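Scroll down for the structure; my scribbles are underneath it.
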Amino acid sequence: MTVRAVITSCGAYLPEEIVTNRDLEKRVDTSDEWIVQRTGIRQRHIAGAHETTSFMAFKAAQDAMMAGGIDPHTIDAVLVCTSTPNHTFPSVAAELQAMLDIPPCAAFDLQAVCSGFVYGLSVADMMIRCGQAKRVLLVGAEKFSSILNWEDRTTCVLFGDGAGAVILDADQGGRGTLEDRGVLFSRLYADGRYKDILYVDGGPATTGSCGHVVMQGREVFKHAVTCMADIVSETLAANKLQPTDIDWLVPHQANIRIIESTAKKLGVPMAQVVVTVDRHGNTSAASIPLALNDAVKSGKIKQGDMLLIEALGAGLTWGAALVRF
Ligand code: ACO
């Protein structure tokens, strides 16, 4: 028997305010046409003052717990993937644990920027498989609007706010094959040599403030296309899978051109790719759980489907996971 970490429910929260590309035309020298052509983004949700990262994480977690009929007392680990915590400390995870009335257990934040959720999924899977936890609440939550320079058109049009959550349960009934439900494979990478192509120009140990996003967009784009192509090929090869074995590609939602290029390299038609970037923009660590929730709740992803999840973010960090839903 093989223990597997199975995603048993999903949830999401998106801020009330929707900001369209036309709205942004009034703030910076940009156009709806430029943003749609280069990124596929048409709108994004932007959090209000009360919609903090912890608040959005709480709402997404509540939604997931409601969907799965989960009693908070049965959760024995809380992981929040975020680069925009409410405070330097305590962690969003500790705040969330208190908000949800979850009894004492492991609770921590994990920071891998846009790859955060893939990293979190891999860590949650390891915690479950090595017996450290039986039920993990894994959340990706970001308020990127608070670290954007709203006068920099090269970055402020790209990002949005939101949170997505999943519950992962230990399933003792696995047979150790790719037919099992659960996280079947994950691979994580980072290459800090590229730390300067996407970063935030502040922090507690340098400026004492949180800073703003600075990006060399073209460089990030090139790395994203190459790293995503490589990691999806590596994932298929490592598991002796064909593209036809993948039911859904669930990519990080940064740019439709990066997503299309990865799908093409993988050999998966766009009809089997979950796309929310048009409506959500890039919500960093929240983008994959938001996309997953969208596809599950709209009935696209069904139990038993094979998902390939992948992301790249600042660091650079990147990773992929295979999950039978
Ligand atoms: N509106 C209008 N014009 C703009 C805007 C804007 N919002 N932003 C930049 N421009 C201009 C530039 O100034 C430049 O003008 P110039 O030719 O007169 O100098 C022109 O558009 C082209 O700029 P590039 O940066 O070369 O445009 P590019 O085709 O590379 O597209 C983009 C930019 C969309 C940022 C792209 O490089 C990209 O998506 N990169 C990936 C970045 C990303 O997704 N980062 C998120 C975090 S990492 C991740 O999640 C994968």
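Identifiers for the structure tokens are assigned positionally: chains receive A, B, ... in sequence, residues are indexed from 1 per chain, and ligands are indexed from 1 in the order shown.
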Residues at most 12 Å from A:Leu121, counting only C-alpha atoms, excluding those fewer than 6 positions away in the same chain, as a PyMOL selection string?
chain A and resi 5-7+78-81+110+112+115+127-128+136-140+165-169+182-188+285+288-289+309-311+319-323
Could you save the residues just selected, with C-alpha atoms, as an mmCIF file, in the first residue's frame?
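Once everything was written out, this is again01.cif:
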```
data_model
loop_
_atom_site.group_PDB
_atom_site.id
_atom_site.type_symbol
_atom_site.label_atom_id
_atom_site.label_comp_id
_atom_site.auth_asym_id
_atom_site.auth_seq_id
_atom_site.Cartn_x
_atom_site.Cartn_y
_atom_site.Cartn_z
ATOM 1 C CA ALA A 5 -1.750 13.058 -0.885
ATOM 2 C CA VAL A 6 -5.121 13.459 -2.604
ATOM 3 C CA ILE A 7 -6.709 16.841 -3.350
ATOM 4 C CA VAL A 78 -1.454 24.768 7.362
ATOM 5 C CA LEU A 79 0.791 25.968 4.516
ATOM 6 C CA VAL A 80 0.379 29.347 2.897
ATOM 7 C CA CYS A 81 2.313 30.157 -0.257
ATOM 8 C CA LEU A 110 6.425 29.273 1.983
ATOM 9 C CA ALA A 112 8.726 30.838 -3.976
ATOM 10 C CA SER A 115 6.099 28.952 -8.228
ATOM 11 C CA MET A 127 4.520 15.826 4.790
ATOM 12 C CA ILE A 128 1.649 13.456 4.091
ATOM 13 C CA VAL A 136 -3.131 19.648 4.969
ATOM 14 C CA LEU A 137 -4.714 22.997 4.183
ATOM 15 C CA LEU A 138 -2.625 24.462 1.348
ATOM 16 C CA VAL A 139 -3.331 28.041 0.293
ATOM 17 C CA GLY A 140 -1.856 30.368 -2.320
ATOM 18 C CA ALA A 165 -7.001 26.840 -1.401
ATOM 19 C CA VAL A 166 -6.955 23.068 -1.508
ATOM 20 C CA ILE A 167 -7.336 20.369 1.118
ATOM 21 C CA LEU A 168 -4.953 17.427 0.735
ATOM 22 C CA ASP A 169 -5.874 14.181 2.472
ATOM 23 C CA GLY A 182 -3.100 12.070 -5.560
ATOM 24 C CA VAL A 183 0.209 13.811 -6.137
ATOM 25 C CA LEU A 184 2.181 11.332 -8.254
ATOM 26 C CA PHE A 185 5.328 13.303 -9.010
ATOM 27 C CA SER A 186 6.870 16.697 -8.380
ATOM 28 C CA ARG A 187 10.102 18.368 -9.410
ATOM 29 C CA LEU A 188 11.358 21.716 -8.099
ATOM 30 C CA ALA A 285 1.205 31.910 -5.896
ATOM 31 C CA ILE A 288 -2.786 27.815 -9.908
ATOM 32 C CA PRO A 289 -5.215 27.105 -7.039
ATOM 33 C CA ILE A 309 0.709 21.591 -13.033
ATOM 34 C CA GLU A 310 3.657 23.912 -13.755
ATOM 35 C CA ALA A 311 4.963 27.362 -12.831
ATOM 36 C CA GLY A 319 8.575 23.394 -10.886
ATOM 37 C CA ALA A 320 5.950 20.939 -12.018
ATOM 38 C CA ALA A 321 3.705 18.298 -10.497
ATOM 39 C CA LEU A 322 1.588 15.439 -11.776
ATOM 40 C CA VAL A 323 -1.661 14.974 -9.909
#
```
What are the closest atom pairs, with distances in Å to one decimal, for each residue of chain A lying within 9 Å of ligand 1, using only C-alpha atoms and all ligand atoms, rows by chain and rising residue number, as a Markdown table?
```
| residue | atom | partner | partner_atom_place_in_ligand_line | distance |
| --- | --- | --- | --- | --- |
| A:Leu24 | CA | ligand 1 | 7 (N) | 8.9 |
| A:Glu25 | CA | ligand 1 | 1 (N) | 8.6 |
| A:Val28 | CA | ligand 1 | 7 (N) | 7.7 |
| A:Asp29 | CA | ligand 1 | 1 (N) | 6.1 |
| A:Thr30 | CA | ligand 1 | 1 (N) | 3.6 |
| A:Ser31 | CA | ligand 1 | 1 (N) | 5.8 |
| A:Asp32 | CA | ligand 1 | 1 (N) | 8.2 |
| A:Glu33 | CA | ligand 1 | 1 (N) | 8.7 |
| A:Trp34 | CA | ligand 1 | 2 (C) | 5.5 |
| A:Ile35 | CA | ligand 1 | 7 (N) | 6.1 |
| A:Gln37 | CA | ligand 1 | 34 (C) | 8.6 |
| A:Arg38 | CA | ligand 1 | 34 (C) | 4.9 |
| A:Thr39 | CA | ligand 1 | 34 (C) | 5.3 |
| A:Val113 | CA | ligand 1 | 47 (C) | 8.2 |
| A:Cys114 | CA | ligand 1 | 50 (O) | 5.4 |
| A:Ser115 | CA | ligand 1 | 50 (O) | 8.0 |
| A:Asp152 | CA | ligand 1 | 7 (N) | 8.0 |
| A:Arg153 | CA | ligand 1 | 7 (N) | 4.3 |
| A:Thr154 | CA | ligand 1 | 8 (N) | 3.7 |
| A:Thr155 | CA | ligand 1 | 35 (C) | 6.8 |
| A:Cys156 | CA | ligand 1 | 7 (N) | 7.4 |
| A:Val157 | CA | ligand 1 | 7 (N) | 5.7 |
| A:Leu158 | CA | ligand 1 | 46 (C) | 7.1 |
| A:Phe159 | CA | ligand 1 | 46 (C) | 7.7 |
| A:Leu198 | CA | ligand 1 | 47 (C) | 7.2 |
| A:Met215 | CA | ligand 1 | 45 (N) | 7.2 |
| A:Gln216 | CA | ligand 1 | 25 (O) | 7.2 |
| A:Gly217 | CA | ligand 1 | 37 (O) | 3.7 |
| A:Arg218 | CA | ligand 1 | 37 (O) | 3.8 |
| A:Glu219 | CA | ligand 1 | 37 (O) | 7.0 |
| A:Val220 | CA | ligand 1 | 41 (C) | 5.0 |
| A:Phe221 | CA | ligand 1 | 41 (C) | 3.9 |
| A:Lys222 | CA | ligand 1 | 40 (N) | 7.7 |
| A:His223 | CA | ligand 1 | 51 (C) | 8.3 |
| A:Ala224 | CA | ligand 1 | 51 (C) | 5.5 |
| A:Val225 | CA | ligand 1 | 51 (C) | 8.6 |
| A:His252 | CA | ligand 1 | 50 (O) | 6.9 |
| A:Gln253 | CA | ligand 1 | 50 (O) | 6.9 |
| A:Ala254 | CA | ligand 1 | 50 (O) | 4.5 |
| A:Asn255 | CA | ligand 1 | 39 (O) | 5.4 |
| A:Ile256 | CA | ligand 1 | 39 (O) | 8.4 |
| A:Arg257 | CA | ligand 1 | 39 (O) | 7.7 |
| A:Ile258 | CA | ligand 1 | 39 (O) | 7.6 |
| A:Asn282 | CA | ligand 1 | 50 (O) | 6.6 |
| A:Thr283 | CA | ligand 1 | 50 (O) | 8.4 |
| A:Ser284 | CA | ligand 1 | 50 (O) | 6.3 |
| A:Ala311 | CA | ligand 1 | 51 (C) | 7.1 |
| A:Leu312 | CA | ligand 1 | 51 (C) | 5.0 |
| A:Gly313 | CA | ligand 1 | 48 (S) | 4.3 |
| A:Ala314 | CA | ligand 1 | 48 (S) | 5.9 |
| A:Leu316 | CA | ligand 1 | 48 (S) | 8.4 |
```
In Å, rounded to a single decimal, give me how far atom CA of A:Asp109 is from atom CA of A:Thr82.
6.8 Å
Using only C-alpha atoms, determine which residues lie at most 7 Å from A:Leu307, disregarding the query and same-chain residues fewer than 2 positions distant; provide the list as a VMD selection string.
chain A and resid 246 to 250 305 309 322 to 325
Between A:Ile70, A:Ala57, A:Ala93, A:Val19, which one has atoms that come closest to A:Ile41, using only C-alpha atoms?
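Smallest distance to A:Ile41 is found for A:Val19.
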Counting only C-alpha atoms, which residue out of A:Ile102, A:Ile46, A:Ser145, A:Ala77 sits closest to A:Val123?
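Result for the nearest residue to A:Val123: A:Ala77.
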Taking only stretch 54-281 of chain A into account, list the residues labelled alpha helix (DSSP H) by DSSP (computed from the backbone), as a VMD selection string.
chain A and resid 54 to 68 92 to 99 116 to 129 153 to 156 217 to 238 256 to 266 277 to 280
Atom-to-atom span, atom CA of A:Gly267 and atom CA of A:Gly40, Å:
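Rounded to one decimal, the two atoms are 20.6 Å apart.
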Env of A:Arg279: 6 Å cut, atoms = only C-alpha atoms, seq-sep filter 2 positions within chain, self excluded. Answer as a list in words.
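Using only C-alpha atoms, the neighbours found are Gln43, Arg44, Thr276 and Val277 of chain A.
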I need the residues from that last selection saved to file as a JSON list (two decimals), in the first residue's frame (with all heavy atoms), if you can.
```json
[["chain", "number", "residue", "atom", "x", "y", "z"],
["A", 43, "GLN", "N", -8.72, 41.72, -17.59],
["A", 43, "GLN", "CA", -9.10, 42.34, -16.32],
["A", 43, "GLN", "C", -8.37, 41.62, -15.20],
["A", 43, "GLN", "O", -7.78, 40.57, -15.40],
["A", 43, "GLN", "CB", -10.61, 42.21, -16.11],
["A", 43, "GLN", "CG", -11.07, 40.75, -16.01],
["A", 43, "GLN", "CD", -12.51, 40.60, -15.56],
["A", 43, "GLN", "OE1", -13.41, 41.21, -16.13],
["A", 43, "GLN", "NE2", -12.72, 39.81, -14.52],
["A", 44, "ARG", "N", -8.38, 42.22, -14.02],
["A", 44, "ARG", "CA", -7.82, 41.60, -12.82],
["A", 44, "ARG", "C", -8.65, 42.09, -11.63],
["A", 44, "ARG", "O", -9.31, 43.14, -11.72],
["A", 44, "ARG", "CB", -6.32, 41.88, -12.63],
["A", 44, "ARG", "CG", -5.92, 43.29, -12.24],
["A", 44, "ARG", "CD", -6.06, 44.31, -13.36],
["A", 44, "ARG", "NE", -5.12, 44.17, -14.46],
["A", 44, "ARG", "CZ", -5.46, 44.38, -15.73],
["A", 44, "ARG", "NH1", -6.68, 44.80, -16.07],
["A", 44, "ARG", "NH2", -4.58, 44.24, -16.70],
["A", 276, "THR", "N", -7.18, 31.15, -16.97],
["A", 276, "THR", "CA", -7.92, 32.17, -16.22],
["A", 276, "THR", "C", -7.20, 33.52, -16.29],
["A", 276, "THR", "O", -7.68, 34.50, -15.71],
["A", 276, "THR", "CB", -8.06, 31.77, -14.72],
["A", 276, "THR", "OG1", -6.77, 31.45, -14.23],
["A", 276, "THR", "CG2", -8.99, 30.59, -14.53],
["A", 277, "VAL", "N", -6.04, 33.54, -16.97],
["A", 277, "VAL", "CA", -5.22, 34.76, -16.98],
["A", 277, "VAL", "C", -6.01, 35.94, -17.55],
["A", 277, "VAL", "O", -5.81, 37.09, -17.12],
["A", 277, "VAL", "CB", -3.89, 34.53, -17.74],
["A", 277, "VAL", "CG1", -4.09, 34.31, -19.22],
["A", 277, "VAL", "CG2", -2.91, 35.65, -17.49]]
```
Which residue of A:Asp101, A:Glu179, A:Asp191, A:Asp76 approaches A:Gln132 most closely, using only C-alpha atoms:
A:Asp76
Quick one: of A:Cys130, A:Ala124, A:Met99, A:Val118, who's nearest to A:Val3, counting only C-alpha atoms?
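Among A:Cys130, A:Ala124, A:Met99, A:Val118, it is A:Cys130 that comes nearest to A:Val3.
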Members of stretch 133-309 of chain A assigned strand (DSSP E) by DSSP, as a PyMOL selection string:
chain A and resi 135-143+161-174+182-190+198-200+213-215+248-251+306-309
So which residues touch A:Gly11 within 12 Å, counting only C-alpha atoms, skipping near sequence neighbours fewer than 2 positions away, as number ranges by chain?
A: 7-9, 13-14, 56-70, 137-141, 162-167, 286, 288-297
For the atom pair atom CA of A:Pro204 and atom CA of A:Thr317, what is the interatomic distance in Å to one decimal place?
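So the two atoms, atom CA of A:Pro204 and atom CA of A:Thr317, lie 21.5 Å apart.
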